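This is work-v7.cif (mmCIF, C-alpha atoms and all ligand atoms; chains and numbers go by the auth columns).
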data_run
loop_
_atom_site.group_PDB
_atom_site.id
_atom_site.type_symbol
_atom_site.label_atom_id
_atom_site.label_comp_id
_atom_site.label_asym_id
_atom_site.label_seq_id
_atom_site.Cartn_x
_atom_site.Cartn_y
_atom_site.Cartn_z
_atom_site.B_iso_or_equiv
_atom_site.auth_seq_id
_atom_site.auth_asym_id
ATOM 1 C CA MET A 1 48.638 -12.106 -22.108 0.00 1145 A
ATOM 2 C CA PRO A 2 48.170 -10.664 -18.614 0.00 1146 A
ATOM 3 C CA ASN A 3 45.527 -8.052 -17.893 0.00 1147 A
ATOM 4 C CA ALA A 4 46.670 -4.491 -17.598 0.00 1148 A
ATOM 5 C CA GLY A 5 46.919 -3.222 -14.048 0.00 1149 A
ATOM 6 C CA TRP A 6 49.111 -5.790 -12.358 0.00 1150 A
ATOM 7 C CA TRP A 7 51.371 -5.925 -15.412 0.00 1151 A
ATOM 8 C CA GLU A 8 51.984 -2.206 -15.158 0.00 1152 A
ATOM 9 C CA ALA A 9 52.612 -2.542 -11.425 0.00 1153 A
ATOM 10 C CA LEU A 10 55.133 -5.305 -12.078 0.00 1154 A
ATOM 11 C CA TRP A 11 56.889 -3.361 -14.837 0.00 1155 A
ATOM 12 C CA PRO A 12 56.867 0.292 -13.764 0.00 1156 A
ATOM 13 C CA ASP A 13 60.120 0.973 -15.620 0.00 1157 A
ATOM 14 C CA PRO A 14 60.211 -1.053 -18.854 0.00 1158 A
ATOM 15 C CA ALA A 15 62.707 1.425 -20.332 0.00 1159 A
ATOM 16 C CA GLY A 16 65.102 0.636 -17.478 0.00 1160 A
ATOM 17 C CA THR A 17 64.867 -3.082 -18.265 0.00 1161 A
ATOM 18 C CA LEU A 18 65.619 -2.415 -21.931 0.00 1162 A
ATOM 19 C CA ALA A 19 68.643 -0.277 -21.079 0.00 1163 A
ATOM 20 C CA ALA A 20 69.902 -2.930 -18.666 0.00 1164 A
ATOM 21 C CA VAL A 21 69.899 -5.635 -21.356 0.00 1165 A
ATOM 22 C CA GLY A 22 71.636 -3.315 -23.836 0.00 1166 A
ATOM 23 C CA ILE A 23 69.010 -1.912 -26.197 0.00 1167 A
ATOM 24 C CA ALA A 24 70.468 1.365 -27.418 0.00 1168 A
ATOM 25 C CA PRO A 25 69.725 4.243 -29.799 0.00 1169 A
ATOM 26 C CA GLY A 26 70.172 3.479 -33.488 0.00 1170 A
ATOM 27 C CA MET A 27 69.441 -0.230 -33.193 0.00 1171 A
ATOM 28 C CA GLU A 28 67.185 -2.320 -35.398 0.00 1172 A
ATOM 29 C CA VAL A 29 65.264 -4.376 -32.806 0.00 1173 A
ATOM 30 C CA ILE A 30 62.865 -7.305 -32.993 0.00 1174 A
ATOM 31 C CA ASP A 31 60.413 -7.621 -30.114 0.00 1175 A
ATOM 32 C CA LEU A 32 59.652 -11.320 -30.355 0.00 1176 A
ATOM 33 C CA CYS A 33 56.375 -12.534 -28.805 0.00 1177 A
ATOM 34 C CA SER A 34 55.551 -8.895 -28.265 0.00 1178 A
ATOM 35 C CA GLY A 35 52.038 -9.324 -26.872 0.00 1179 A
ATOM 36 C CA ASP A 36 50.133 -6.088 -26.382 0.00 1180 A
ATOM 37 C CA GLY A 37 53.239 -3.955 -26.899 0.00 1181 A
ATOM 38 C CA TRP A 38 54.140 -2.982 -23.339 0.00 1182 A
ATOM 39 C CA PHE A 39 57.846 -3.313 -24.120 0.00 1183 A
ATOM 40 C CA THR A 40 57.491 -2.595 -27.852 0.00 1184 A
ATOM 41 C CA MET A 41 56.430 0.947 -27.079 0.00 1185 A
ATOM 42 C CA GLN A 42 59.532 1.621 -24.990 0.00 1186 A
ATOM 43 C CA ILE A 43 61.816 -0.089 -27.498 0.00 1187 A
ATOM 44 C CA ALA A 44 60.427 2.180 -30.231 0.00 1188 A
ATOM 45 C CA LYS A 45 61.266 5.241 -28.137 0.00 1189 A
ATOM 46 C CA VAL A 46 64.922 4.190 -27.992 0.00 1190 A
ATOM 47 C CA ALA A 47 65.670 2.220 -31.142 0.00 1191 A
ATOM 48 C CA ARG A 48 65.862 3.358 -34.739 0.00 1192 A
ATOM 49 C CA HIS A 49 63.202 0.814 -35.695 0.00 1193 A
ATOM 50 C CA VAL A 50 61.373 -2.106 -34.102 0.00 1194 A
ATOM 51 C CA ILE A 51 59.509 -5.066 -35.538 0.00 1195 A
ATOM 52 C CA ALA A 52 56.894 -6.556 -33.204 0.00 1196 A
ATOM 53 C CA ILE A 53 56.166 -10.215 -33.883 0.00 1197 A
ATOM 54 C CA ASP A 54 53.424 -12.224 -32.222 0.00 1198 A
ATOM 55 C CA ILE A 55 51.411 -15.274 -33.161 0.00 1199 A
ATOM 56 C CA ASP A 56 48.219 -13.595 -31.927 0.00 1200 A
ATOM 57 C CA PRO A 57 47.010 -10.967 -34.423 0.00 1201 A
ATOM 58 C CA ASN A 58 44.542 -9.576 -31.889 0.00 1202 A
ATOM 59 C CA LEU A 59 47.329 -8.747 -29.435 0.00 1203 A
ATOM 60 C CA LEU A 60 49.320 -7.196 -32.258 0.00 1204 A
ATOM 61 C CA GLY A 61 46.266 -5.047 -32.953 0.00 1205 A
ATOM 62 C CA VAL A 62 46.265 -3.879 -29.336 0.00 1206 A
ATOM 63 C CA ALA A 63 49.988 -3.110 -29.629 0.00 1207 A
ATOM 64 C CA ARG A 64 49.458 -1.206 -32.876 0.00 1208 A
ATOM 65 C CA HIS A 65 46.729 0.862 -31.239 0.00 1209 A
ATOM 66 C CA ARG A 66 48.946 1.566 -28.210 0.00 1210 A
ATOM 67 C CA LEU A 67 51.802 2.864 -30.359 0.00 1211 A
ATOM 68 C CA ASN A 68 49.563 4.761 -32.783 0.00 1212 A
ATOM 69 C CA GLU A 69 47.896 6.555 -29.877 0.00 1213 A
ATOM 70 C CA SER A 70 51.314 7.746 -28.772 0.00 1214 A
ATOM 71 C CA GLY A 71 52.317 8.884 -32.238 0.00 1215 A
ATOM 72 C CA VAL A 72 55.054 6.261 -32.542 0.00 1216 A
ATOM 73 C CA THR A 73 55.747 5.488 -36.201 0.00 1217 A
ATOM 74 C CA ASN A 74 59.027 3.517 -36.249 0.00 1218 A
ATOM 75 C CA CYS A 75 57.407 0.118 -35.644 0.00 1219 A
ATOM 76 C CA ASP A 76 56.144 -2.622 -37.928 0.00 1220 A
ATOM 77 C CA PHE A 77 53.748 -5.304 -36.687 0.00 1221 A
ATOM 78 C CA MET A 78 54.099 -8.809 -38.031 0.00 1222 A
ATOM 79 C CA PRO A 79 51.833 -11.718 -37.159 0.00 1223 A
ATOM 80 C CA GLY A 80 53.707 -15.008 -37.196 0.00 1224 A
ATOM 81 C CA ASP A 81 55.355 -17.885 -35.411 0.00 1225 A
ATOM 82 C CA ALA A 82 58.615 -17.098 -33.632 0.00 1226 A
ATOM 83 C CA TYR A 83 60.231 -20.198 -35.142 0.00 1227 A
ATOM 84 C CA ASP A 84 59.782 -18.586 -38.587 0.00 1228 A
ATOM 85 C CA LEU A 85 61.753 -15.500 -37.647 0.00 1229 A
ATOM 86 C CA THR A 86 64.092 -15.573 -40.631 0.00 1230 A
ATOM 87 C CA GLN A 87 61.191 -15.894 -43.062 0.00 1231 A
ATOM 88 C CA LEU A 88 59.351 -13.037 -41.330 0.00 1232 A
ATOM 89 C CA VAL A 89 62.309 -10.632 -41.162 0.00 1233 A
ATOM 90 C CA ARG A 90 64.759 -10.502 -44.045 0.00 1234 A
ATOM 91 C CA GLN A 91 67.146 -7.862 -42.672 0.00 1235 A
ATOM 92 C CA PRO A 92 69.502 -8.971 -39.856 0.00 1236 A
ATOM 93 C CA ALA A 93 68.765 -7.293 -36.532 0.00 1237 A
ATOM 94 C CA ASP A 94 70.979 -5.665 -33.918 0.00 1238 A
ATOM 95 C CA PHE A 95 68.861 -7.019 -31.089 0.00 1239 A
ATOM 96 C CA VAL A 96 66.142 -9.603 -30.496 0.00 1240 A
ATOM 97 C CA PHE A 97 64.201 -9.062 -27.272 0.00 1241 A
ATOM 98 C CA LEU A 98 62.049 -11.859 -25.824 0.00 1242 A
ATOM 99 C CA ALA A 99 60.238 -11.193 -22.561 0.00 1243 A
ATOM 100 C CA ASN A 100 57.957 -13.459 -20.582 0.00 1244 A
ATOM 101 C CA ALA A 101 57.641 -16.051 -23.308 0.00 1245 A
ATOM 102 C CA PHE A 102 60.664 -18.383 -23.389 0.00 1246 A
ATOM 103 C CA HIS A 103 59.249 -20.691 -20.699 0.00 1247 A
ATOM 104 C CA GLY A 104 56.342 -21.533 -23.036 0.00 1248 A
ATOM 105 C CA VAL A 105 58.421 -22.379 -26.118 0.00 1249 A
ATOM 106 C CA PRO A 106 58.175 -26.121 -26.856 0.00 1250 A
ATOM 107 C CA ASP A 107 61.533 -26.397 -28.699 0.00 1251 A
ATOM 108 C CA GLN A 108 63.775 -23.779 -27.139 0.00 1252 A
ATOM 109 C CA PRO A 109 67.053 -24.635 -28.961 0.00 1253 A
ATOM 110 C CA ARG A 110 65.130 -24.407 -32.245 0.00 1254 A
ATOM 111 C CA LEU A 111 64.002 -20.915 -31.354 0.00 1255 A
ATOM 112 C CA ALA A 112 67.547 -19.945 -30.347 0.00 1256 A
ATOM 113 C CA ARG A 113 68.817 -21.168 -33.735 0.00 1257 A
ATOM 114 C CA ALA A 114 66.202 -19.058 -35.505 0.00 1258 A
ATOM 115 C CA VAL A 115 67.297 -16.017 -33.481 0.00 1259 A
ATOM 116 C CA LEU A 116 70.963 -16.688 -34.238 0.00 1260 A
ATOM 117 C CA GLU A 117 70.208 -16.623 -37.966 0.00 1261 A
ATOM 118 C CA ALA A 118 68.227 -13.387 -37.604 0.00 1262 A
ATOM 119 C CA LEU A 119 71.047 -11.470 -35.888 0.00 1263 A
ATOM 120 C CA LYS A 120 73.845 -9.371 -37.300 0.00 1264 A
ATOM 121 C CA PRO A 121 77.332 -10.697 -36.399 0.00 1265 A
ATOM 122 C CA THR A 122 77.433 -8.210 -33.507 0.00 1266 A
ATOM 123 C CA GLY A 123 73.801 -8.799 -32.559 0.00 1267 A
ATOM 124 C CA ARG A 124 72.419 -9.653 -29.137 0.00 1268 A
ATOM 125 C CA PHE A 125 69.506 -11.753 -27.889 0.00 1269 A
ATOM 126 C CA ALA A 126 67.928 -10.990 -24.513 0.00 1270 A
ATOM 127 C CA VAL A 127 65.662 -13.451 -22.724 0.00 1271 A
ATOM 128 C CA VAL A 128 63.783 -11.919 -19.809 0.00 1272 A
ATOM 129 C CA ASN A 129 62.249 -14.679 -17.703 0.00 1273 A
ATOM 130 C CA TRP A 130 60.464 -15.153 -14.420 0.00 1274 A
ATOM 131 C CA HIS A 131 62.800 -16.614 -11.807 0.00 1275 A
ATOM 132 C CA GLN A 132 62.200 -20.229 -10.834 0.00 1276 A
ATOM 133 C CA ARG A 133 60.277 -19.360 -7.702 0.00 1277 A
ATOM 134 C CA ARG A 134 57.000 -20.874 -6.546 0.00 1278 A
ATOM 135 C CA ARG A 135 54.090 -18.990 -8.070 0.00 1279 A
ATOM 136 C CA GLU A 136 52.608 -18.352 -4.637 0.00 1280 A
ATOM 137 C CA GLU A 137 55.727 -16.316 -3.816 0.00 1281 A
ATOM 138 C CA THR A 138 55.604 -13.993 -6.823 0.00 1282 A
ATOM 139 C CA LYS A 139 52.782 -11.707 -5.772 0.00 1283 A
ATOM 140 C CA VAL A 140 51.854 -8.506 -7.539 0.00 1284 A
ATOM 141 C CA LEU A 141 49.122 -6.293 -6.075 0.00 1285 A
ATOM 142 C CA GLY A 142 48.542 -9.014 -3.517 0.00 1286 A
ATOM 143 C CA GLU A 143 47.925 -11.919 -5.917 0.00 1287 A
ATOM 144 C CA PRO A 144 50.233 -14.714 -7.128 0.00 1288 A
ATOM 145 C CA ARG A 145 51.195 -13.915 -10.727 0.00 1289 A
ATOM 146 C CA GLY A 146 53.152 -15.337 -13.608 0.00 1290 A
ATOM 147 C CA PRO A 147 53.501 -18.765 -15.193 0.00 1291 A
ATOM 148 C CA LYS A 148 52.869 -22.005 -13.331 0.00 1292 A
ATOM 149 C CA THR A 149 55.722 -22.954 -11.021 0.00 1293 A
ATOM 150 C CA GLU A 150 56.585 -26.041 -13.079 0.00 1294 A
ATOM 151 C CA LEU A 151 57.057 -23.997 -16.258 0.00 1295 A
ATOM 152 C CA ARG A 152 59.604 -21.612 -14.792 0.00 1296 A
ATOM 153 C CA LEU A 153 63.259 -21.856 -15.770 0.00 1297 A
ATOM 154 C CA ALA A 154 66.324 -21.145 -13.671 0.00 1298 A
ATOM 155 C CA PRO A 155 68.914 -18.935 -15.381 0.00 1299 A
ATOM 156 C CA GLU A 156 71.184 -21.986 -15.801 0.00 1300 A
ATOM 157 C CA GLN A 157 68.457 -23.864 -17.711 0.00 1301 A
ATOM 158 C CA THR A 158 67.794 -20.905 -19.988 0.00 1302 A
ATOM 159 C CA ILE A 159 71.494 -20.457 -20.663 0.00 1303 A
ATOM 160 C CA LYS A 160 71.958 -24.161 -21.419 0.00 1304 A
ATOM 161 C CA THR A 161 69.069 -24.350 -23.878 0.00 1305 A
ATOM 162 C CA VAL A 162 69.899 -21.114 -25.675 0.00 1306 A
ATOM 163 C CA GLU A 163 73.562 -22.118 -25.956 0.00 1307 A
ATOM 164 C CA ALA A 164 72.393 -25.460 -27.392 0.00 1308 A
ATOM 165 C CA GLY A 165 71.012 -23.360 -30.238 0.00 1309 A
ATOM 166 C CA GLY A 166 74.451 -21.875 -30.927 0.00 1310 A
ATOM 167 C CA LEU A 167 74.471 -18.564 -29.038 0.00 1311 A
ATOM 168 C CA LYS A 168 76.834 -17.713 -26.153 0.00 1312 A
ATOM 169 C CA LEU A 169 76.021 -16.011 -22.875 0.00 1313 A
ATOM 170 C CA ALA A 170 77.298 -12.433 -22.749 0.00 1314 A
ATOM 171 C CA GLN A 171 75.654 -11.144 -19.580 0.00 1315 A
ATOM 172 C CA LEU A 172 73.276 -12.228 -16.843 0.00 1316 A
ATOM 173 C CA ILE A 173 71.410 -9.537 -14.931 0.00 1317 A
ATOM 174 C CA GLU A 174 68.783 -9.287 -12.233 0.00 1318 A
ATOM 175 C CA VAL A 175 65.497 -7.640 -13.139 0.00 1319 A
ATOM 176 C CA PRO A 176 63.794 -7.126 -9.781 0.00 1320 A
ATOM 177 C CA PRO A 177 61.548 -8.139 -8.245 0.00 1321 A
ATOM 178 C CA TYR A 178 60.969 -11.511 -9.949 0.00 1322 A
ATOM 179 C CA HIS A 179 62.884 -11.684 -13.241 0.00 1323 A
ATOM 180 C CA TYR A 180 66.324 -12.154 -14.680 0.00 1324 A
ATOM 181 C CA GLY A 181 67.710 -11.199 -18.051 0.00 1325 A
ATOM 182 C CA ALA A 182 70.098 -13.459 -19.949 0.00 1326 A
ATOM 183 C CA VAL A 183 71.819 -11.693 -22.848 0.00 1327 A
ATOM 184 C CA PHE A 184 73.452 -13.759 -25.583 0.00 1328 A
ATOM 185 C CA LYS A 185 75.799 -13.000 -28.456 0.00 1329 A
ATOM 186 C CA ARG A 186 76.748 -14.805 -31.622 0.00 1330 A
ATOM 187 C CA PRO A 187 79.878 -16.948 -31.340 0.00 1331 A
ATOM 188 C CA PRO A 188 82.978 -15.557 -33.096 0.00 1332 A
HETATM 189 C C1 LIG B . 53.045 -13.454 -21.621 0.00 1401 B
HETATM 190 S S1 LIG B . 52.981 -12.744 -23.212 0.00 1401 B
HETATM 191 C C2 LIG B . 54.387 -11.660 -23.165 0.00 1401 B
HETATM 192 C C3 LIG B . 54.226 -10.467 -24.051 0.00 1401 B
HETATM 193 C C4 LIG B . 55.357 -9.448 -24.012 0.00 1401 B
HETATM 194 N N1 LIG B . 56.609 -10.032 -24.455 0.00 1401 B
HETATM 195 C C5 LIG B . 55.526 -8.818 -22.638 0.00 1401 B
HETATM 196 O O1 LIG B . 56.423 -9.251 -21.894 0.00 1401 B
HETATM 197 O O2 LIG B . 54.775 -7.904 -22.282 0.00 1401 B
HETATM 198 C C6 LIG B . 53.549 -14.065 -24.302 0.00 1401 B
HETATM 199 C C7 LIG B . 53.292 -13.769 -25.768 0.00 1401 B
HETATM 200 O O3 LIG B . 53.902 -14.771 -26.577 0.00 1401 B
HETATM 201 C C8 LIG B . 53.090 -14.955 -27.729 0.00 1401 B
HETATM 202 N N2 LIG B . 53.437 -16.238 -28.369 0.00 1401 B
HETATM 203 C C9 LIG B . 53.231 -17.484 -27.876 0.00 1401 B
HETATM 204 N N3 LIG B . 53.685 -18.404 -28.740 0.00 1401 B
HETATM 205 C C10 LIG B . 54.199 -17.748 -29.809 0.00 1401 B
HETATM 206 C C11 LIG B . 54.826 -18.154 -31.017 0.00 1401 B
HETATM 207 N N4 LIG B . 55.010 -19.440 -31.310 0.00 1401 B
HETATM 208 N N5 LIG B . 55.242 -17.203 -31.871 0.00 1401 B
HETATM 209 C C12 LIG B . 55.053 -15.885 -31.598 0.00 1401 B
HETATM 210 N N6 LIG B . 54.456 -15.440 -30.474 0.00 1401 B
HETATM 211 C C13 LIG B . 54.030 -16.364 -29.573 0.00 1401 B
HETATM 212 C C14 LIG B . 51.677 -14.888 -27.168 0.00 1401 B
HETATM 213 O O4 LIG B . 50.715 -14.630 -28.158 0.00 1401 B
HETATM 214 C C15 LIG B . 51.811 -13.750 -26.147 0.00 1401 B
HETATM 215 O O5 LIG B . 51.518 -12.502 -26.725 0.00 1401 B
#

This entry written out as structure tokens:
Amino acid sequence: MPNAGWWEALWPDPAGTLAAVGIAPGMEVIDLCSGDGWFTMQIAKVARHVIAIDIDPNLLGVARHRLNESGVTNCDFMPGDAYDLTQLVRQPADFVFLANAFHGVPDQPRLARAVLEALKPTGRFAVVNWHQRRREETKVLGEPRGPKTELRLAPEQTIKTVEAGGLKLAQLIEVPPYHYGAVFKRPP
């Protein structure tokens, strides 16, 4: 999980990113691989309810503290492995949001299948990823940031692997300066 400071500089408008991928009022949202809750907090401000899932209980603790401090109460925090999504969350979700994590998933189609099973028929899955640019080029506050160059995925690679898990691309957006958002839906 990145240190605060440059992360905030990179994401000055997390609510704008959430709106761009389609998170809307009234939704039941899962923030998958939620980290310290930077996006979870903004999701909670928009959605009816959010479940933050992360494998690292310490980061979930940071997220819980962040939301508690702000008086946000419509969020549950669940430690667990993203592959086990359907065991962790029994109620189908309107939206699964996954930011800055897909590049590190060892079996990406497996994760996409788990998300598919966790979604309502009208549900959406958004993957927000670093563009496949050399790490030296993606500077924030003067320093190269983000995952190693060789881990980064082009939008086409992300789309191919998520579709291999059974979902279909609905929308591809730019999330400046260094990210894209691929939004998927369940097949008919
Ligand atoms: C770079 S952070 C991104 C956090 C957050 N999504 C954001 O964009 O601010 C990646 C997160 O993925 C979590 N993670 C890695 N593998 C995971 C897994 N198998 N299941 C759940 N979370 C995982 C890490 O603990 C970390 O919090």

Check your understanding: Exactly which residues make up the result of the PyMOL selection byres (((not hetatm)) within 6 of (chain B and resi 1401)) on this file, given as a list in words?
Key -> Met1145, Cys1177, Ser1178, Gly1179, Trp1182, Phe1183, Asp1198, Ile1199, Asp1200, Gly1224, Asp1225, Ala1226, Leu1242, Ala1243, Asn1244 and Ala1245 of chain A

Check your understanding: Which residue, A:Glu1287, A:Asp1238, A:Gly1267, A:Thr1282, has the smallest gap to A:Ala1314 when you use all atoms listed in the file?
Key ->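 Selected residue with least distance to A:Ala1314: A:Gly1267.
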
Practice item. Would you translate the PyMOL selection byres (((chain A and resi 1275) around 6) and not hetatm) into the concrete set of residues it matches in this file, as a PyMOL selection string? Key: chain A and resi 1274+1276-1277+1322-1323

Limited to C-alpha atoms, could you put the picked residues into a file as a PDB file, in the coordinates of the input?
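Okay, this is what ended up in result.pdb:
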ATOM      1  CA  TRP A1274      60.464 -15.153 -14.420  1.00  0.00           C
ATOM      2  CA  GLN A1276      62.200 -20.229 -10.834  1.00  0.00           C
ATOM      3  CA  ARG A1277      60.277 -19.360  -7.702  1.00  0.00           C
ATOM      4  CA  TYR A1322      60.969 -11.511  -9.949  1.00  0.00           C
ATOM      5  CA  HIS A1323      62.884 -11.684 -13.241  1.00  0.00           C
TER       6      HIS A1323
END

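Using all atoms listed in the file, the shortest contact distance between A:Arg1234 and any of A:Ala1262, A:Val1327, A:Val1319, A:Val1173 is found at A:Ala1262.
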
Practice item. List the residues matched by the PyMOL selection byres (((chain A and resi 1315) around 12) and not hetatm) in the displayed structure as a list in words, ordered by chain and then by residue number. Key: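 Applied to this file, the PyMOL selection byres (((chain A and resi 1315) around 12) and not hetatm) selects Ala1164, Val1165, Gly1166, Arg1268, Phe1269, Ala1270, Val1271, Val1272, Pro1299, Ile1303, Lys1312, Leu1313, Ala1314, Leu1316, Ile1317, Glu1318, Tyr1324, Gly1325, Ala1326, Val1327, Phe1328 and Lys1329 of chain A.
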
Exercise for review: Determine the nearest neighbour of A:Gln1235 from the options A:Leu1211, A:Leu1263, A:Ala1308, A:Met1222, counting only C-alpha atoms.
Suggested key: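 Using only C-alpha atoms, A:Gln1235 sits closest to A:Leu1263.
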
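Checking A:Trp1151, A:Gln1186, A:Arg1296, A:Val1194 one by one against A:Phe1246, counting only C-alpha atoms, you find the shortest gap at A:Arg1296.
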
Review point. Pick from A:Pro1223, A:Leu1255, A:Ile1187, A:Thr1266: nearest to A:Leu1203, with only C-alpha atoms counted?
Key: A:Pro1223

**Study point:** Interatomic distance, atom CA of A:Ala1188 to atom CA of A:Pro1291 (Å, one decimal)
**Key:**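 Separation between atom CA of A:Ala1188 and atom CA of A:Pro1291: 26.7 Å.
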
Check your understanding: Which residue gives the smallest distance to A:Thr1293 among A:Thr1305, A:Val1233, A:Arg1210, A:Arg1278, with all atoms listed in the file counted?
Key -> A:Arg1278

Practice item. Could you please determine the separation between atom CA of A:Phe1221 and atom CA of A:Ile1195 in Å, to one decimal place? Key: 5.9 Å

Practice item. Figure out the distance between atom CA of A:Pro1250 and atom CA of A:Gly1290, please, to one decimal in Å. Key: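 Rounded to one decimal, the two atoms are 17.8 Å apart.
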
Place N, CA and C atoms on stretch 1302-1322 of chain A and deliver the coordinates as an mmCIF file, in the frame of the given file.
data_model
loop_
_atom_site.group_PDB
_atom_site.id
_atom_site.type_symbol
_atom_site.label_atom_id
_atom_site.label_comp_id
_atom_site.auth_asym_id
_atom_site.auth_seq_id
_atom_site.Cartn_x
_atom_site.Cartn_y
_atom_site.Cartn_z
ATOM 1 N N THR A 1302 67.958 -21.775 -18.810
ATOM 2 C CA THR A 1302 67.794 -20.905 -19.988
ATOM 3 C C THR A 1302 69.106 -20.805 -20.753
ATOM 4 N N ILE A 1303 70.186 -20.607 -20.017
ATOM 5 C CA ILE A 1303 71.494 -20.457 -20.663
ATOM 6 C C ILE A 1303 71.850 -21.739 -21.432
ATOM 7 N N LYS A 1304 71.612 -22.884 -20.783
ATOM 8 C CA LYS A 1304 71.958 -24.161 -21.419
ATOM 9 C C LYS A 1304 71.169 -24.370 -22.720
ATOM 10 N N THR A 1305 69.883 -24.074 -22.686
ATOM 11 C CA THR A 1305 69.069 -24.350 -23.878
ATOM 12 C C THR A 1305 69.344 -23.349 -24.998
ATOM 13 N N VAL A 1306 69.598 -22.091 -24.617
ATOM 14 C CA VAL A 1306 69.899 -21.114 -25.675
ATOM 15 C C VAL A 1306 71.273 -21.422 -26.275
ATOM 16 N N GLU A 1307 72.227 -21.788 -25.422
ATOM 17 C CA GLU A 1307 73.562 -22.118 -25.956
ATOM 18 C C GLU A 1307 73.511 -23.380 -26.828
ATOM 19 N N ALA A 1308 72.560 -24.273 -26.533
ATOM 20 C CA ALA A 1308 72.393 -25.460 -27.392
ATOM 21 C C ALA A 1308 71.975 -25.055 -28.810
ATOM 22 N N GLY A 1309 71.394 -23.883 -28.922
ATOM 23 C CA GLY A 1309 71.012 -23.360 -30.238
ATOM 24 C C GLY A 1309 72.124 -22.583 -30.916
ATOM 25 N N GLY A 1310 73.282 -22.457 -30.256
ATOM 26 C CA GLY A 1310 74.451 -21.875 -30.927
ATOM 27 C C GLY A 1310 74.867 -20.507 -30.437
ATOM 28 N N LEU A 1311 74.085 -19.874 -29.567
ATOM 29 C CA LEU A 1311 74.471 -18.564 -29.038
ATOM 30 C C LEU A 1311 75.307 -18.733 -27.765
ATOM 31 N N LYS A 1312 75.981 -17.663 -27.355
ATOM 32 C CA LYS A 1312 76.834 -17.713 -26.153
ATOM 33 C C LYS A 1312 76.410 -16.629 -25.168
ATOM 34 N N LEU A 1313 76.409 -16.991 -23.887
ATOM 35 C CA LEU A 1313 76.021 -16.011 -22.875
ATOM 36 C C LEU A 1313 77.011 -14.846 -22.860
ATOM 37 N N ALA A 1314 76.459 -13.625 -22.859
ATOM 38 C CA ALA A 1314 77.298 -12.433 -22.749
ATOM 39 C C ALA A 1314 77.148 -11.776 -21.387
ATOM 40 N N GLN A 1315 75.943 -11.893 -20.810
ATOM 41 C CA GLN A 1315 75.654 -11.144 -19.580
ATOM 42 C C GLN A 1315 74.416 -11.732 -18.921
ATOM 43 N N LEU A 1316 74.452 -11.794 -17.595
ATOM 44 C CA LEU A 1316 73.276 -12.228 -16.843
ATOM 45 C C LEU A 1316 72.970 -11.149 -15.815
ATOM 46 N N ILE A 1317 71.745 -10.637 -15.849
ATOM 47 C CA ILE A 1317 71.410 -9.537 -14.931
ATOM 48 C C ILE A 1317 70.156 -9.878 -14.125
ATOM 49 N N GLU A 1318 70.013 -9.196 -13.027
ATOM 50 C CA GLU A 1318 68.783 -9.287 -12.233
ATOM 51 C C GLU A 1318 67.806 -8.215 -12.700
ATOM 52 N N VAL A 1319 66.552 -8.597 -12.808
ATOM 53 C CA VAL A 1319 65.497 -7.640 -13.139
ATOM 54 C C VAL A 1319 64.446 -7.731 -12.020
ATOM 55 N N PRO A 1320 64.666 -7.003 -10.948
ATOM 56 C CA PRO A 1320 63.794 -7.126 -9.781
ATOM 57 C C PRO A 1320 62.347 -6.719 -10.103
ATOM 58 N N PRO A 1321 61.354 -7.272 -9.399
ATOM 59 C CA PRO A 1321 61.548 -8.139 -8.245
ATOM 60 C C PRO A 1321 61.622 -9.631 -8.575
ATOM 61 N N TYR A 1322 61.145 -10.067 -9.749
ATOM 62 C CA TYR A 1322 60.969 -11.511 -9.949
ATOM 63 C C TYR A 1322 61.639 -12.066 -11.208
#
